[in-house]
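What follows is a set of notes on a single structure, which appears directly below.
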Amino acid sequence: MATPVDAPLDPALAVTALEVAYGGIRAVKGISFEVHAGELVSLIGANGAGKTTTLKALTGLLTAGSGDIRLHGVSIRGQGAWNLARQGLVMVPEGRGIFARMTITENLLMGAFTRRDDEVEADMERVFGLFPRLKERCSQLGGTLSGGEQQMLAIGRALMARPQVLLLDEPSMGLAPLMVDKIFEVVADIHRQGVTVLLVEQNARRALQLASRAYVMESGEITLSGVARDLLDDPKVREAYLGA
C-alpha cells in the first residue's frame, strides 16, 4: 500500500528523554531533540554543557542510562559504534582521533572498513576533491599533519563510510581562522550533497549561520530551540554565546 503524501515521516535521528551519567554525576539530563533527513542542525553550548557526552551516547561510545535513540525510526540504543557506522550513523570526534602512525590513504581506507562494495576508490577521489592537500600528501603519516590537515583527514575518513547522518563534534576547535573558513565551507558542501548533519560547535555564530535549526544546551539540558537565524537574534543567545 502506498504511503499517503501527507503521512509524517520518521526523523533521521530522534532522541527522547536521554540521560547519561558519569558515576553519580548526571551529565545529560533527559534531553529530547530531532534531526530530519536533509537538515543541518546545530547543538551549541558552553564547554561542559554535555554536548560531546550526547554525541558519544548517540554513537554507542557511552551507555545511556535511560531514554531512547532512533535512527530512521528504529531504536539503536545500546548498539556498538561499529554497527551504527554500518547503518549510516558516523561521527567526526572532538580531537579528530586520526590514526597517527598510518598514512593519509590508510586512514581513509579505515573509514571504509565496514564497506563491501567496489566504489571505495571512487569515494576516496571525491574526498581528495574536497581536500586537495590530502591528495598531495597521501603517503604522509597522519601524526605529522597540521591540526587543520588532521581535521580534513578526520572528516574525509568519516565520509568514506558513506554516512546518512554525520555527527561533527567541534570541527573548528583549535584551528586558524582561514582553516575554520575551509572546514565550514566543506560542511556546507557535504550538506548540499544530501548528508544529514548534526553539528556540535562552540563557535555559536558560525554554527547558527550554517544551520537551519538549532538547540542550545546548558548544564546537561536543552534550554532553547528554534530556527537558527532566529536564535542568532535572541537576546539570551547573543549575550551568552555571541558576545553581544
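Residue numbering restarts at 1 for every chain of the C-alpha cells, chains are lettered A, B, ... in their displayed order, and ligands are numbered from 1 as they appear.
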Exercise for the section: Could you tell me, as a list in words, which residues of segment 136-231 of chain A DSSP assigns to strand (DSSP E or B) when given the backbone? Expected result: Leu141, Val165, Leu166, Leu167, Leu168, Asp169, Thr196, Val197, Leu198, Leu199, Val200, Arg213, Ala214, Tyr215, Val216, Met217, Glu218, Glu221, Ile222, Thr223, Leu224, Ser225, Gly226 and Val227 of chain A
Problem - Contacts of Ala17 of chain A at 12 Å (only C-alpha atoms; same-chain gap of 2+ positions) as a list in words - result: Ala14, Val15, Glu19, Val20, Val28, Lys29, Gly30, Ile31, Ser32, Phe33, Glu34, Thr54, Ala64, Gly65, Ser66, Gly67, Asp68, Ile69, Arg70, Gly220, Glu221 and Ile222 of chain A
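Among the candidates A:Ala100, A:Leu89, A:Ala57, A:Val237, the one nearest to His72 of chain A when counting only C-alpha atoms is A:Leu89.
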Problem - In segment 110-224 of chain A, DSSP helix (DSSP H, G or I) residues written as a ChimeraX atom specification - result: /A:110-111,120-130,132-136,142-144,147-159,177-192,204-210
Go ahead and write the selection's residues with C-alpha atoms as a PDB file, in the first residue's frame.
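Here's the written file selection36.pdb:
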```
ATOM      1  CA  MET A 110      39.877   2.666   7.665  1.00  0.00           C
ATOM      2  CA  GLY A 111      36.795   4.832   7.192  1.00  0.00           C
ATOM      3  CA  VAL A 120      35.782   2.809  -2.311  1.00  0.00           C
ATOM      4  CA  GLU A 121      38.449   4.181  -4.661  1.00  0.00           C
ATOM      5  CA  ALA A 122      35.937   6.489  -6.319  1.00  0.00           C
ATOM      6  CA  ASP A 123      34.874   7.823  -2.925  1.00  0.00           C
ATOM      7  CA  MET A 124      38.493   8.414  -1.995  1.00  0.00           C
ATOM      8  CA  GLU A 125      38.883  10.546  -5.102  1.00  0.00           C
ATOM      9  CA  ARG A 126      35.814  12.520  -4.021  1.00  0.00           C
ATOM     10  CA  VAL A 127      37.438  13.141  -0.643  1.00  0.00           C
ATOM     11  CA  PHE A 128      40.615  14.262  -2.400  1.00  0.00           C
ATOM     12  CA  GLY A 129      38.446  16.608  -4.459  1.00  0.00           C
ATOM     13  CA  LEU A 130      37.186  18.219  -1.261  1.00  0.00           C
ATOM     14  CA  PRO A 132      43.343  18.535  -2.440  1.00  0.00           C
ATOM     15  CA  ARG A 133      46.003  18.939   0.240  1.00  0.00           C
ATOM     16  CA  LEU A 134      45.322  15.383   1.401  1.00  0.00           C
ATOM     17  CA  LYS A 135      45.908  14.035  -2.083  1.00  0.00           C
ATOM     18  CA  GLU A 136      49.209  15.902  -2.330  1.00  0.00           C
ATOM     19  CA  GLY A 142      48.660  11.273   9.921  1.00  0.00           C
ATOM     20  CA  GLY A 143      50.607  12.260  13.014  1.00  0.00           C
ATOM     21  CA  THR A 144      52.858  14.582  11.001  1.00  0.00           C
ATOM     22  CA  GLY A 147      45.852  20.465  13.099  1.00  0.00           C
ATOM     23  CA  GLY A 148      43.849  21.696  10.142  1.00  0.00           C
ATOM     24  CA  GLU A 149      45.056  18.891   7.908  1.00  0.00           C
ATOM     25  CA  GLN A 150      44.184  16.349  10.596  1.00  0.00           C
ATOM     26  CA  GLN A 151      40.664  17.778  10.762  1.00  0.00           C
ATOM     27  CA  MET A 152      40.377  17.443   6.993  1.00  0.00           C
ATOM     28  CA  LEU A 153      41.510  13.832   7.317  1.00  0.00           C
ATOM     29  CA  ALA A 154      39.030  13.094  10.117  1.00  0.00           C
ATOM     30  CA  ILE A 155      36.157  14.452   8.025  1.00  0.00           C
ATOM     31  CA  GLY A 156      37.382  12.613   4.947  1.00  0.00           C
ATOM     32  CA  ARG A 157      37.625   9.355   6.881  1.00  0.00           C
ATOM     33  CA  ALA A 158      34.023   9.774   8.062  1.00  0.00           C
ATOM     34  CA  LEU A 159      32.844  10.433   4.518  1.00  0.00           C
ATOM     35  CA  PRO A 177      40.759  31.404  11.047  1.00  0.00           C
ATOM     36  CA  LEU A 178      41.460  30.516   7.407  1.00  0.00           C
ATOM     37  CA  MET A 179      41.211  26.812   8.201  1.00  0.00           C
ATOM     38  CA  VAL A 180      37.979  27.408  10.120  1.00  0.00           C
ATOM     39  CA  ASP A 181      36.551  29.003   6.978  1.00  0.00           C
ATOM     40  CA  LYS A 182      37.618  25.992   4.911  1.00  0.00           C
ATOM     41  CA  ILE A 183      36.099  23.485   7.333  1.00  0.00           C
ATOM     42  CA  PHE A 184      32.752  25.288   7.435  1.00  0.00           C
ATOM     43  CA  GLU A 185      32.731  25.524   3.626  1.00  0.00           C
ATOM     44  CA  VAL A 186      33.230  21.773   3.425  1.00  0.00           C
ATOM     45  CA  VAL A 187      30.492  21.100   5.988  1.00  0.00           C
ATOM     46  CA  ALA A 188      28.098  23.217   3.922  1.00  0.00           C
ATOM     47  CA  ASP A 189      29.138  21.338   0.763  1.00  0.00           C
ATOM     48  CA  ILE A 190      28.620  17.947   2.431  1.00  0.00           C
ATOM     49  CA  HIS A 191      25.139  19.040   3.492  1.00  0.00           C
ATOM     50  CA  ARG A 192      24.316  20.244  -0.026  1.00  0.00           C
ATOM     51  CA  ALA A 204      27.964  29.577  18.039  1.00  0.00           C
ATOM     52  CA  ARG A 205      27.823  32.367  15.470  1.00  0.00           C
ATOM     53  CA  ARG A 206      29.225  30.258  12.649  1.00  0.00           C
ATOM     54  CA  ALA A 207      27.134  27.245  13.663  1.00  0.00           C
ATOM     55  CA  LEU A 208      23.907  29.248  13.675  1.00  0.00           C
ATOM     56  CA  GLN A 209      24.747  30.903  10.366  1.00  0.00           C
ATOM     57  CA  LEU A 210      25.214  27.478   8.783  1.00  0.00           C
TER      58      LEU A 210
END
```
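Omitting segment 44-48 of chain A and its sequence neighbours fewer than 5 positions away, and counting only C-alpha atoms, the residues within 9 Å are Ala27, Leu199, Val200, Glu201, Gln202, Asn203, Ala204, Ala207, Leu208, Ala214, Tyr215, Val216, Met217, Glu218, Ser219, Gly220, Ala240 and Tyr241 of chain A.
Distance check against Arg116 of chain A using only C-alpha atoms: of A:Met91, A:Thr59, A:Arg86, A:Gln140, the minimum falls on A:Arg86.
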Handout entry: Coordinates-based distance that separates atom CA of Arg77 of chain A from atom CA of Leu58 of chain A (Å, one decimal)
Key =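 Result for atom CA of Leu58 of chain A versus atom CA of Arg77 of chain A: 7.6 Å, one decimal.
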Practice task
For each of A:Leu167, A:Val74, A:Ala81, A:Val41, take the minimum atom-to-atom distance to Arg229 of chain A, counting only C-alpha atoms, then give the residue where this is smallest.
Solution key: A:Val41
Exercise for the section: Between A:Thr63, A:Gln193, A:Lys51, A:Glu39, single out the one closest to Gly23 of chain A, counting only C-alpha atoms. Expected result: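 When distances to Gly23 of chain A are compared using only C-alpha atoms, the smallest one comes from A:Thr63.
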Exercise for the section: Please identify all polymer residues within 12 Å of Leu61 of chain A, counting only C-alpha atoms, omitting same-chain residues fewer than 5 positions from it, and present them as a ChimeraX atom specification. Expected result: /A:20,52-56,77-85,90-91,93
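Among the candidate residues A:Thr223, A:Glu239, A:Thr105, A:Glu94, the one lying nearest to Ala49 of chain A is A:Thr223, with distances computed using only C-alpha atoms.
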Handout entry: From A:Ser139, A:Thr16, A:Ser225, A:Thr196, residue lying nearest Glu106 of chain A [only C-alpha atoms]
Key =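 Checking each candidate against Glu106 of chain A, we get A:Ser139 as the closest.
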